[in-house]
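File shown: start_18.cif (mmCIF, C-alpha atoms).
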```cif
data_data
loop_
_atom_site.group_PDB
_atom_site.id
_atom_site.type_symbol
_atom_site.label_atom_id
_atom_site.label_comp_id
_atom_site.auth_asym_id
_atom_site.auth_seq_id
_atom_site.Cartn_x
_atom_site.Cartn_y
_atom_site.Cartn_z
ATOM 1 C CA MET A 28 166.485 90.886 123.625
ATOM 2 C CA LYS A 29 166.637 90.722 119.838
ATOM 3 C CA LYS A 30 167.995 93.690 117.919
ATOM 4 C CA PRO A 31 165.150 95.652 116.229
ATOM 5 C CA VAL A 32 164.759 95.206 112.473
ATOM 6 C CA LYS A 33 164.395 98.407 110.457
ATOM 7 C CA TYR A 34 161.599 98.496 107.914
ATOM 8 C CA PHE A 35 160.274 100.892 105.291
ATOM 9 C CA VAL A 36 156.872 100.882 103.594
ATOM 10 C CA VAL A 37 157.168 101.912 99.963
ATOM 11 C CA ASP A 38 154.619 102.612 97.214
ATOM 12 C CA ALA A 39 156.164 101.291 93.985
ATOM 13 C CA PHE A 40 155.515 102.191 90.335
ATOM 14 C CA THR A 41 154.190 105.620 91.249
ATOM 15 C CA GLU A 42 155.451 109.113 92.063
ATOM 16 C CA SER A 43 152.523 109.815 94.408
ATOM 17 C CA ALA A 44 151.962 108.444 97.897
ATOM 18 C CA PHE A 45 149.029 106.067 98.381
ATOM 19 C CA LYS A 46 149.139 104.915 94.778
ATOM 20 C CA GLY A 47 151.052 102.142 93.031
ATOM 21 C CA ASN A 48 151.826 98.881 94.809
ATOM 22 C CA GLN A 49 152.740 98.623 98.490
ATOM 23 C CA ALA A 50 155.688 96.716 99.906
ATOM 24 C CA ALA A 51 157.359 96.528 103.296
ATOM 25 C CA VAL A 52 161.149 96.373 103.007
ATOM 26 C CA CYS A 53 162.927 94.868 106.030
ATOM 27 C CA PHE A 54 166.678 95.316 106.402
ATOM 28 C CA LEU A 55 168.313 92.295 108.055
ATOM 29 C CA GLU A 56 171.872 92.846 109.249
ATOM 30 C CA LYS A 57 174.389 90.121 110.164
ATOM 31 C CA ASP A 58 173.278 89.938 113.799
ATOM 32 C CA HIS A 59 169.593 89.552 112.848
ATOM 33 C CA GLU A 60 169.034 85.816 113.122
ATOM 34 C CA ARG A 61 165.517 85.048 111.889
ATOM 35 C CA ASP A 62 164.238 81.756 110.480
ATOM 36 C CA ASP A 63 161.861 81.325 107.555
ATOM 37 C CA SER A 64 158.818 80.871 109.773
ATOM 38 C CA TRP A 65 159.504 84.281 111.369
ATOM 39 C CA LEU A 66 159.816 85.870 107.923
ATOM 40 C CA GLN A 67 156.453 84.438 106.888
ATOM 41 C CA LEU A 68 154.798 85.457 110.158
ATOM 42 C CA LEU A 69 156.054 89.013 109.824
ATOM 43 C CA ALA A 70 154.760 89.186 106.250
ATOM 44 C CA ALA A 71 151.364 88.078 107.554
ATOM 45 C CA GLU A 72 151.597 90.732 110.299
ATOM 46 C CA PHE A 73 152.228 93.496 107.757
ATOM 47 C CA ASP A 74 149.474 92.028 105.553
ATOM 48 C CA LEU A 75 150.625 94.111 102.585
ATOM 49 C CA PRO A 76 150.800 92.789 99.020
ATOM 50 C CA LEU A 77 154.462 91.971 99.667
ATOM 51 C CA THR A 78 157.113 92.005 102.364
ATOM 52 C CA CYS A 79 160.762 92.033 101.257
ATOM 53 C CA PHE A 80 163.785 90.950 103.273
ATOM 54 C CA LEU A 81 167.207 92.390 102.411
ATOM 55 C CA THR A 82 170.437 90.948 103.809
ATOM 56 C CA PRO A 83 173.851 92.409 102.798
ATOM 57 C CA ILE A 84 176.266 89.954 101.189
ATOM 58 C CA THR A 85 179.823 90.753 102.205
ATOM 59 C CA GLY A 86 183.173 89.390 101.065
ATOM 60 C CA SER A 87 186.400 90.671 99.514
ATOM 61 C CA ASP A 88 185.887 88.662 96.305
ATOM 62 C CA LEU A 89 182.511 90.208 95.481
ATOM 63 C CA PRO A 90 182.116 92.487 92.431
ATOM 64 C CA HIS A 91 181.979 96.254 92.889
ATOM 65 C CA PRO A 92 178.191 96.780 92.908
ATOM 66 C CA PRO A 93 176.796 96.145 96.396
ATOM 67 C CA ARG A 94 174.963 92.813 96.549
ATOM 68 C CA PHE A 95 172.071 91.767 98.785
ATOM 69 C CA LEU A 96 170.145 88.600 99.388
ATOM 70 C CA LEU A 97 166.518 89.450 98.533
ATOM 71 C CA ARG A 98 163.443 87.386 99.372
ATOM 72 C CA TRP A 99 159.777 88.216 98.771
ATOM 73 C CA PHE A 100 156.776 87.038 100.817
ATOM 74 C CA THR A 101 153.030 87.546 100.495
ATOM 75 C CA SER A 102 150.948 87.004 103.627
ATOM 76 C CA ILE A 103 150.756 83.262 102.867
ATOM 77 C CA ALA A 104 153.642 82.270 100.577
ATOM 78 C CA GLU A 105 157.168 83.038 99.410
ATOM 79 C CA MET A 106 157.447 84.293 95.829
ATOM 80 C CA ASP A 107 160.120 83.401 93.286
ATOM 81 C CA ILE A 108 160.018 86.678 91.379
ATOM 82 C CA CYS A 109 158.572 90.112 92.137
ATOM 83 C CA GLY A 110 159.027 93.382 90.282
ATOM 84 C CA HIS A 111 157.456 95.884 92.640
ATOM 85 C CA GLY A 112 159.205 94.326 95.639
ATOM 86 C CA THR A 113 162.560 94.632 93.865
ATOM 87 C CA LEU A 114 161.810 98.243 92.935
ATOM 88 C CA ALA A 115 160.800 99.053 96.518
ATOM 89 C CA SER A 116 163.972 97.399 97.841
ATOM 90 C CA ALA A 117 166.251 99.281 95.443
ATOM 91 C CA HIS A 118 164.446 102.545 96.236
ATOM 92 C CA THR A 119 165.003 101.937 99.956
ATOM 93 C CA LEU A 120 168.719 101.314 99.460
ATOM 94 C CA PHE A 121 169.300 104.344 97.204
ATOM 95 C CA SER A 122 167.099 106.731 99.211
ATOM 96 C CA ASN A 123 168.640 105.957 102.596
ATOM 97 C CA GLY A 124 172.310 105.888 101.656
ATOM 98 C CA LEU A 125 172.609 102.164 102.297
ATOM 99 C CA VAL A 126 174.810 101.584 99.223
ATOM 100 C CA GLY A 127 177.019 104.660 99.525
ATOM 101 C CA SER A 128 177.580 106.460 96.229
ATOM 102 C CA SER A 129 176.914 103.386 94.105
ATOM 103 C CA GLU A 130 174.224 103.855 91.458
ATOM 104 C CA ARG A 131 173.854 100.134 90.832
ATOM 105 C CA VAL A 132 172.913 97.269 93.115
ATOM 106 C CA GLU A 133 172.606 93.516 92.645
ATOM 107 C CA PHE A 134 170.141 91.150 94.284
ATOM 108 C CA SER A 135 170.669 87.427 94.762
ATOM 109 C CA THR A 136 167.201 85.894 94.437
ATOM 110 C CA HIS A 137 165.318 82.707 93.566
ATOM 111 C CA SER A 138 165.288 84.086 90.012
ATOM 112 C CA GLY A 139 169.066 84.487 89.879
ATOM 113 C CA ILE A 140 170.984 87.761 90.038
ATOM 114 C CA LEU A 141 168.750 90.776 89.380
ATOM 115 C CA THR A 142 170.203 94.245 88.948
ATOM 116 C CA ALA A 143 168.764 97.687 89.650
ATOM 117 C CA LYS A 144 170.237 100.975 88.449
ATOM 118 C CA ARG A 145 169.491 104.483 89.626
ATOM 119 C CA VAL A 146 168.636 106.845 86.754
ATOM 120 C CA ASP A 147 168.270 110.627 87.140
ATOM 121 C CA ASP A 148 164.863 112.006 86.207
ATOM 122 C CA CYS A 149 165.462 114.729 83.618
ATOM 123 C CA GLU A 150 161.911 116.051 84.009
ATOM 124 C CA THR A 151 161.849 116.490 87.809
ATOM 125 C CA LYS A 152 164.790 117.995 89.692
ATOM 126 C CA GLY A 153 165.974 115.873 92.619
ATOM 127 C CA SER A 154 163.887 112.899 91.538
ATOM 128 C CA PHE A 155 165.151 109.594 90.183
ATOM 129 C CA LEU A 156 163.885 106.440 88.532
ATOM 130 C CA ILE A 157 165.115 102.882 88.919
ATOM 131 C CA GLU A 158 165.763 100.552 85.990
ATOM 132 C CA MET A 159 165.581 96.826 86.780
ATOM 133 C CA ASN A 160 166.901 93.978 84.641
ATOM 134 C CA PHE A 161 164.615 90.917 84.695
ATOM 135 C CA PRO A 162 164.348 87.652 82.732
ATOM 136 C CA VAL A 163 161.695 87.552 80.027
ATOM 137 C CA ILE A 164 158.705 85.257 80.613
ATOM 138 C CA THR A 165 157.619 83.894 77.254
ATOM 139 C CA THR A 166 154.008 83.106 76.423
ATOM 140 C CA CYS A 167 152.554 80.176 74.508
ATOM 141 C CA GLU A 168 149.219 78.840 73.243
ATOM 142 C CA TYR A 169 146.638 78.112 75.918
ATOM 143 C CA SER A 170 145.565 74.467 75.902
ATOM 144 C CA SER A 171 141.804 75.083 75.662
ATOM 145 C CA ASN A 172 139.426 77.149 73.521
ATOM 146 C CA ASP A 173 136.901 77.419 76.357
ATOM 147 C CA PHE A 174 137.189 80.978 77.690
ATOM 148 C CA SER A 175 133.869 80.974 79.572
ATOM 149 C CA MET A 176 135.447 80.685 83.024
ATOM 150 C CA PHE A 177 137.629 83.744 82.395
ATOM 151 C CA SER A 178 134.721 85.755 81.013
ATOM 152 C CA LYS A 179 132.607 84.897 84.053
ATOM 153 C CA ALA A 180 135.368 86.012 86.430
ATOM 154 C CA LEU A 181 135.638 89.296 84.501
ATOM 155 C CA ASN A 182 131.919 90.089 84.612
ATOM 156 C CA GLY A 183 131.195 88.937 81.074
ATOM 157 C CA ALA A 184 134.057 90.743 79.337
ATOM 158 C CA THR A 185 134.689 89.731 75.714
ATOM 159 C CA ILE A 186 137.835 87.602 75.653
ATOM 160 C CA VAL A 187 139.948 87.939 72.504
ATOM 161 C CA ASP A 188 142.822 85.631 73.401
ATOM 162 C CA VAL A 189 144.192 83.571 76.283
ATOM 163 C CA ARG A 190 147.875 82.749 76.624
ATOM 164 C CA ALA A 191 149.894 80.742 79.136
ATOM 165 C CA THR A 192 153.452 81.275 80.286
ATOM 166 C CA THR A 193 156.142 78.843 79.200
ATOM 167 C CA LYS A 194 156.851 76.865 82.323
ATOM 168 C CA ASP A 195 160.451 75.885 81.534
ATOM 169 C CA LYS A 196 161.334 79.584 81.540
ATOM 170 C CA LEU A 197 160.097 79.796 85.116
ATOM 171 C CA VAL A 198 162.152 77.146 86.884
ATOM 172 C CA PHE A 199 165.024 78.546 88.893
ATOM 173 C CA LYS A 200 167.670 77.284 91.256
ATOM 174 C CA PRO A 201 166.604 78.389 94.746
ATOM 175 C CA LEU A 202 168.914 79.957 97.292
ATOM 176 C CA LYS A 203 168.995 76.741 99.299
ATOM 177 C CA GLY A 204 168.268 73.142 98.401
ATOM 178 C CA ALA A 205 167.193 71.545 95.130
ATOM 179 C CA THR A 206 165.624 73.157 92.111
ATOM 180 C CA LYS A 207 161.921 73.890 92.457
ATOM 181 C CA SER A 208 159.171 75.196 90.209
ATOM 182 C CA THR A 209 158.167 78.821 90.430
ATOM 183 C CA SER A 210 155.034 80.055 92.173
ATOM 184 C CA THR A 211 154.217 82.417 89.296
ATOM 185 C CA ASP A 212 152.385 80.075 86.904
ATOM 186 C CA GLN A 213 150.559 82.707 84.850
ATOM 187 C CA ILE A 214 147.567 82.847 82.540
ATOM 188 C CA MET A 215 147.226 85.961 80.375
ATOM 189 C CA VAL A 216 143.753 87.046 79.252
ATOM 190 C CA LEU A 217 143.407 89.619 76.465
ATOM 191 C CA CYS A 218 140.211 91.686 76.624
ATOM 192 C CA PHE A 219 138.589 93.295 73.613
ATOM 193 C CA HIS A 220 138.109 96.756 75.086
ATOM 194 C CA LEU A 221 140.228 98.847 77.451
ATOM 195 C CA GLY A 222 137.228 100.120 79.400
ATOM 196 C CA ARG A 223 136.461 96.650 80.688
ATOM 197 C CA LEU A 224 139.613 96.750 82.796
ATOM 198 C CA TRP A 225 138.185 99.538 84.947
ATOM 199 C CA LEU A 226 134.950 97.717 85.639
ATOM 200 C CA SER A 227 134.721 95.878 88.945
ATOM 201 C CA CYS A 228 135.537 92.243 88.422
ATOM 202 C CA SER A 229 133.734 89.382 90.118
ATOM 203 C CA GLN A 230 133.748 89.606 93.894
ATOM 204 C CA GLU A 231 133.217 85.854 94.025
ATOM 205 C CA LEU A 232 136.783 84.761 94.643
ATOM 206 C CA ARG A 233 135.675 81.181 94.176
ATOM 207 C CA ILE A 234 135.415 81.932 90.426
ATOM 208 C CA PHE A 235 139.028 83.095 90.258
ATOM 209 C CA MET A 236 140.041 80.105 92.396
ATOM 210 C CA LYS A 237 138.544 77.762 89.803
ATOM 211 C CA CYS A 238 140.398 79.380 86.907
ATOM 212 C CA PRO A 239 143.635 77.660 85.804
ATOM 213 C CA GLY A 240 146.991 79.061 86.839
ATOM 214 C CA LYS A 241 148.070 80.768 90.035
ATOM 215 C CA VAL A 242 148.069 84.239 88.500
ATOM 216 C CA MET A 243 145.639 85.825 86.021
ATOM 217 C CA ILE A 244 146.916 88.810 84.035
ATOM 218 C CA VAL A 245 144.190 90.761 82.221
ATOM 219 C CA THR A 246 145.417 93.114 79.501
ATOM 220 C CA ALA A 247 144.239 95.288 76.620
ATOM 221 C CA ALA A 248 145.798 97.688 74.150
ATOM 222 C CA ALA A 249 145.454 101.373 75.002
ATOM 223 C CA PRO A 250 143.254 103.466 72.694
ATOM 224 C CA GLU A 251 144.802 105.534 69.925
ATOM 225 C CA GLY A 252 146.151 108.822 71.231
ATOM 226 C CA SER A 253 146.731 107.500 74.759
ATOM 227 C CA ALA A 254 149.998 108.152 76.590
ATOM 228 C CA TYR A 255 150.227 104.389 77.139
ATOM 229 C CA ASP A 256 150.708 101.394 74.858
ATOM 230 C CA PHE A 257 148.789 98.844 76.913
ATOM 231 C CA CYS A 258 147.253 98.411 80.328
ATOM 232 C CA SER A 259 146.707 95.481 82.653
ATOM 233 C CA ARG A 260 145.320 94.167 85.916
ATOM 234 C CA LEU A 261 146.515 91.140 87.872
ATOM 235 C CA PHE A 262 144.555 88.783 90.149
ATOM 236 C CA ALA A 263 146.189 86.144 92.349
ATOM 237 C CA PRO A 264 143.893 85.016 95.211
ATOM 238 C CA LYS A 265 145.647 81.632 95.197
ATOM 239 C CA LEU A 266 148.784 83.443 96.376
ATOM 240 C CA GLY A 267 146.983 85.601 98.941
ATOM 241 C CA LEU A 268 146.532 88.607 96.605
ATOM 242 C CA ASN A 269 142.983 89.298 95.486
ATOM 243 C CA GLU A 270 144.434 91.936 93.149
ATOM 244 C CA ASP A 271 148.023 93.143 92.809
ATOM 245 C CA SER A 272 147.871 96.908 92.328
ATOM 246 C CA ALA A 273 150.932 97.233 90.065
ATOM 247 C CA CYS A 274 152.793 94.018 89.293
ATOM 248 C CA GLY A 275 156.229 94.450 87.747
ATOM 249 C CA SER A 276 157.023 90.801 87.007
ATOM 250 C CA ALA A 277 153.781 90.443 85.014
ATOM 251 C CA HIS A 278 155.339 92.833 82.520
ATOM 252 C CA CYS A 279 158.076 90.278 81.844
ATOM 253 C CA ALA A 280 155.327 88.276 80.119
ATOM 254 C CA LEU A 281 153.392 91.296 78.834
ATOM 255 C CA ALA A 282 156.543 92.619 77.126
ATOM 256 C CA HIS A 283 156.921 89.357 75.212
ATOM 257 C CA TYR A 284 153.238 89.237 74.251
ATOM 258 C CA TRP A 285 152.839 92.845 73.134
ATOM 259 C CA SER A 286 156.168 92.900 71.268
ATOM 260 C CA LEU A 287 154.750 90.212 68.993
ATOM 261 C CA LYS A 288 151.429 92.036 68.583
ATOM 262 C CA MET A 289 152.777 95.574 68.130
ATOM 263 C CA ASN A 290 156.134 94.746 66.515
ATOM 264 C CA LYS A 291 158.046 97.006 68.913
ATOM 265 C CA CYS A 292 160.229 96.659 71.998
ATOM 266 C CA ASP A 293 159.590 99.840 73.995
ATOM 267 C CA PHE A 294 156.351 100.429 75.862
ATOM 268 C CA VAL A 295 154.741 102.708 78.428
ATOM 269 C CA ALA A 296 152.433 100.564 80.538
ATOM 270 C CA TYR A 297 149.554 101.433 82.847
ATOM 271 C CA THR A 298 148.146 99.241 85.611
ATOM 272 C CA ALA A 299 144.415 99.820 85.806
ATOM 273 C CA SER A 300 143.838 98.864 89.435
ATOM 274 C CA ARG A 301 142.141 101.122 91.988
ATOM 275 C CA ARG A 302 145.543 102.460 93.137
ATOM 276 C CA SER A 303 146.911 102.526 89.560
ATOM 277 C CA GLY A 304 150.553 102.532 88.516
ATOM 278 C CA GLU A 305 152.808 103.097 85.528
ATOM 279 C CA LEU A 306 156.178 101.972 84.230
ATOM 280 C CA LYS A 307 158.386 101.913 81.167
ATOM 281 C CA VAL A 308 159.153 98.522 79.624
ATOM 282 C CA HIS A 309 161.963 97.583 77.226
ATOM 283 C CA TYR A 310 162.216 94.074 75.788
ATOM 284 C CA GLU A 311 165.749 92.969 74.823
ATOM 285 C CA LYS A 312 164.888 90.155 72.421
ATOM 286 C CA GLU A 313 168.437 88.919 71.778
ATOM 287 C CA LYS A 314 169.328 88.748 75.471
ATOM 288 C CA GLN A 315 165.848 87.575 76.496
ATOM 289 C CA ARG A 316 165.707 90.220 79.204
ATOM 290 C CA VAL A 317 163.155 92.867 80.151
ATOM 291 C CA LEU A 318 164.082 96.277 81.563
ATOM 292 C CA LEU A 319 161.450 97.721 83.891
ATOM 293 C CA THR A 320 161.741 101.384 84.885
ATOM 294 C CA GLY A 321 159.661 103.192 87.467
ATOM 295 C CA LYS A 322 159.495 105.450 90.495
ATOM 296 C CA SER A 323 158.666 104.842 94.155
ATOM 297 C CA VAL A 324 157.686 106.790 97.261
ATOM 298 C CA THR A 325 158.570 105.921 100.876
ATOM 299 C CA VAL A 326 155.478 106.479 103.026
ATOM 300 C CA MET A 327 156.619 105.264 106.456
ATOM 301 C CA LYS A 328 159.450 103.657 108.386
ATOM 302 C CA GLY A 329 159.917 102.015 111.747
ATOM 303 C CA SER A 330 161.329 99.047 113.632
ATOM 304 C CA VAL A 331 160.175 95.501 114.247
ATOM 305 C CA LEU A 332 160.795 94.789 117.928
ATOM 306 C CA VAL A 333 160.254 91.017 118.139
#
```
Could you spell out this file's structure in C-alpha cells?
Amino acid sequence: MKKPVKYFVVDAFTESAFKGNQAAVCFLEKDHERDDSWLQLLAAEFDLPLTCFLTPITGSDLPHPPRFLLRWFTSIAEMDICGHGTLASAHTLFSNGLVGSSERVEFSTHSGILTAKRVDDCETKGSFLIEMNFPVITTCEYSSNDFSMFSKALNGATIVDVRATTKDKLVFKPLKGATKSTSTDQIMVLCFHLGRLWLSCSQELRIFMKCPGKVMIVTAAAPEGSAYDFCSRLFAPKLGLNEDSACGSAHCALAHYWSLKMNKCDFVAYTASRRSGELKVHYEKEKQRVLLTGKSVTVMKGSVLV
C-alpha cells in the first residue's frame, strides 16, 4: 500500500476564506514515488485552478534556506510559472512548521530558482504576508491593429491597447530534459474603463479559443482616489482555466507595462474576478525582477490515499 500524500487547499492573494485563487498543495516526501501521469491525474481529480507538488531537496552542500522542488499543474497541463501556486506553497510550508524557524524558502522550478520570504504583518497581530521574487515578463508591440476579436470576447469593451509578451524572456531550462518554450504565451488587453472588468465576459469559450495567445490578461487603471493602482482579469481556457481568479505571474507582465505608463515601480493591484484578490507589486528594473506580496488562507487539509 502506498504511503498517503498530505495535501492542503489554500486560497491565495486574500485574507478571507473562499476568496482569492484556489490551489491544492501536495507534499511529496522521499518515499512518495509518483510519476508525471499520476501528478496530472491527481490535478484533474482536484479540478482546482492549480495543483502544486512540493518535494524537499536534501543535501549537505545546499544553501541555508530550505529548498523544494515545485511543480504546478492545471487539470490538463503542467505550467512553467505560477504566482498563486507559489504563494500557496510557501504559505503551507510556513504555516505548518515544515521549514522550522526559517523565514525564507527557495523553490526549484521550470522558471529557475524562485524565493519566498515571510514578512510580519504590522497591521494585524499574528498575521503574515509572503514576498515572492519572480522574473519580469516584458511586453512588446502586438503584431496586428485588429482588436475586434478581443472586443467581441469582452462583450464589446473599448480596447485602448493590446500588447504581447516577449517570448525570449519566457524560455526556461526545465527540470529534466532539453529546453522548452513556456506555456504562458500571454496577450495583454488594455480596456478604456475600469467598470468593464466587472461585466460578465463572453460565455462563448470558442471566442476566447480563437483569440491569439494561450493567456489573455485584461487590465485597466484604477479610478482616481481608489486604494489600487490598476486591476485585471485573466482568461486561459486553452490551459483549462476559463478564468483565473487571482493570477500572480500575470503581474510579472503587468508590472512592466504599468511601470512604463505610470512612471513608478510600486503598485497595489486588484484582481476583478468573482472571487477577487489583491497583492502588492514592486518592479526592480535594474535586476529585471518583480516582487509579489500577498496573503493566503488554508481552508482544508487531508490525505491522498492512492
**Item:** Nearby residues (only C-alpha atoms) at most 10 Å from region 255-260 of chain A, same-chain spacing under 4 positions excluded, as number ranges by chain
**Value:** A: 215-218, 221, 224-225, 243-251, 270-274, 277-278, 281-282, 285, 289, 293-301, 303-307
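Here CA of Asp74 (chain A) stands at a distance of 23.6 Å from CA of Phe95 (chain A).
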**Asked** Any chance you could work out the residue set of the PyMOL selection byres ((chain A and resi 127-140) around 6) here, as a ChimeraX atom specification?
**Response** /A:92-97,107,124-126,141-145,199,201-202
Test item: residues at most 9 Å from region 111-120 of chain A, only C-alpha atoms, excluding those fewer than 6 positions along its chain, as a PDB file with C-alpha atoms, keeping the file's coordinate frame:
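Writing done, so here's selection02.pdb:
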```
ATOM      1  CA  PHE A  35     160.274 100.892 105.291  1.00  0.00           C
ATOM      2  CA  VAL A  36     156.872 100.882 103.594  1.00  0.00           C
ATOM      3  CA  VAL A  37     157.168 101.912  99.963  1.00  0.00           C
ATOM      4  CA  ASP A  38     154.619 102.612  97.214  1.00  0.00           C
ATOM      5  CA  ALA A  39     156.164 101.291  93.985  1.00  0.00           C
ATOM      6  CA  PHE A  40     155.515 102.191  90.335  1.00  0.00           C
ATOM      7  CA  GLY A  47     151.052 102.142  93.031  1.00  0.00           C
ATOM      8  CA  ASN A  48     151.826  98.881  94.809  1.00  0.00           C
ATOM      9  CA  GLN A  49     152.740  98.623  98.490  1.00  0.00           C
ATOM     10  CA  ALA A  50     155.688  96.716  99.906  1.00  0.00           C
ATOM     11  CA  ALA A  51     157.359  96.528 103.296  1.00  0.00           C
ATOM     12  CA  VAL A  52     161.149  96.373 103.007  1.00  0.00           C
ATOM     13  CA  CYS A  53     162.927  94.868 106.030  1.00  0.00           C
ATOM     14  CA  LEU A  77     154.462  91.971  99.667  1.00  0.00           C
ATOM     15  CA  THR A  78     157.113  92.005 102.364  1.00  0.00           C
ATOM     16  CA  CYS A  79     160.762  92.033 101.257  1.00  0.00           C
ATOM     17  CA  PHE A  80     163.785  90.950 103.273  1.00  0.00           C
ATOM     18  CA  LEU A  81     167.207  92.390 102.411  1.00  0.00           C
ATOM     19  CA  LEU A  97     166.518  89.450  98.533  1.00  0.00           C
ATOM     20  CA  ARG A  98     163.443  87.386  99.372  1.00  0.00           C
ATOM     21  CA  TRP A  99     159.777  88.216  98.771  1.00  0.00           C
ATOM     22  CA  VAL A 126     174.810 101.584  99.223  1.00  0.00           C
ATOM     23  CA  GLY A 127     177.019 104.660  99.525  1.00  0.00           C
ATOM     24  CA  ARG A 131     173.854 100.134  90.832  1.00  0.00           C
ATOM     25  CA  VAL A 132     172.913  97.269  93.115  1.00  0.00           C
ATOM     26  CA  PHE A 134     170.141  91.150  94.284  1.00  0.00           C
ATOM     27  CA  LEU A 141     168.750  90.776  89.380  1.00  0.00           C
ATOM     28  CA  ALA A 143     168.764  97.687  89.650  1.00  0.00           C
ATOM     29  CA  LYS A 144     170.237 100.975  88.449  1.00  0.00           C
ATOM     30  CA  ARG A 145     169.491 104.483  89.626  1.00  0.00           C
ATOM     31  CA  LEU A 156     163.885 106.440  88.532  1.00  0.00           C
ATOM     32  CA  ILE A 157     165.115 102.882  88.919  1.00  0.00           C
ATOM     33  CA  GLU A 158     165.763 100.552  85.990  1.00  0.00           C
ATOM     34  CA  MET A 159     165.581  96.826  86.780  1.00  0.00           C
ATOM     35  CA  ALA A 273     150.932  97.233  90.065  1.00  0.00           C
ATOM     36  CA  CYS A 274     152.793  94.018  89.293  1.00  0.00           C
ATOM     37  CA  GLY A 275     156.229  94.450  87.747  1.00  0.00           C
ATOM     38  CA  SER A 276     157.023  90.801  87.007  1.00  0.00           C
ATOM     39  CA  THR A 320     161.741 101.384  84.885  1.00  0.00           C
ATOM     40  CA  GLY A 321     159.661 103.192  87.467  1.00  0.00           C
ATOM     41  CA  LYS A 322     159.495 105.450  90.495  1.00  0.00           C
ATOM     42  CA  SER A 323     158.666 104.842  94.155  1.00  0.00           C
ATOM     43  CA  VAL A 324     157.686 106.790  97.261  1.00  0.00           C
ATOM     44  CA  THR A 325     158.570 105.921 100.876  1.00  0.00           C
TER      45      THR A 325
END
```
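Nearest residue to Asp212 (chain A), choosing from A:Gly267, A:Phe177, A:Gly252, A:Ile108 and counting all atoms listed in the file: A:Ile108.
Coordinates place CA of Val317 (chain A) at a distance of 5.9 Å from CA of Cys279 (chain A).
Taking all atoms listed in the file, the non-local environment of Thr185 (chain A) within 10 Å (same-chain residues fewer than 3 positions away omitted) comprises A:Phe174, A:Ser175, A:Phe177, A:Ser178, A:Lys179, A:Leu181, A:Asn182, A:Asp188, A:Leu217, A:Cys218, A:Phe219, A:His220, A:Arg223.
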**Request:** Show which residues sit within 7 Å of Thr192 (chain A), as JSON, numbers by chain. Count all atoms listed in the file, and ignore same-chain residues fewer than 6 positions away.
**Result:** {"A": [164, 165, 166, 167, 212, 213, 214]}
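CA of Pro264 (chain A) lies 22.1 Å from CA of Asp63 (chain A).
Among the candidates A:Glu60, A:Gly110, A:Thr193, A:Gly86, the one nearest to Asn160 (chain A) when counting only C-alpha atoms is A:Gly110.
This file, queried with the PyMOL selection byres ((chain A and resi 170) around 10), gives the residues A:Cys167, A:Glu168, A:Tyr169, A:Ser171, A:Asn172, A:Asp173, A:Val189, A:Arg190, A:Ala191.
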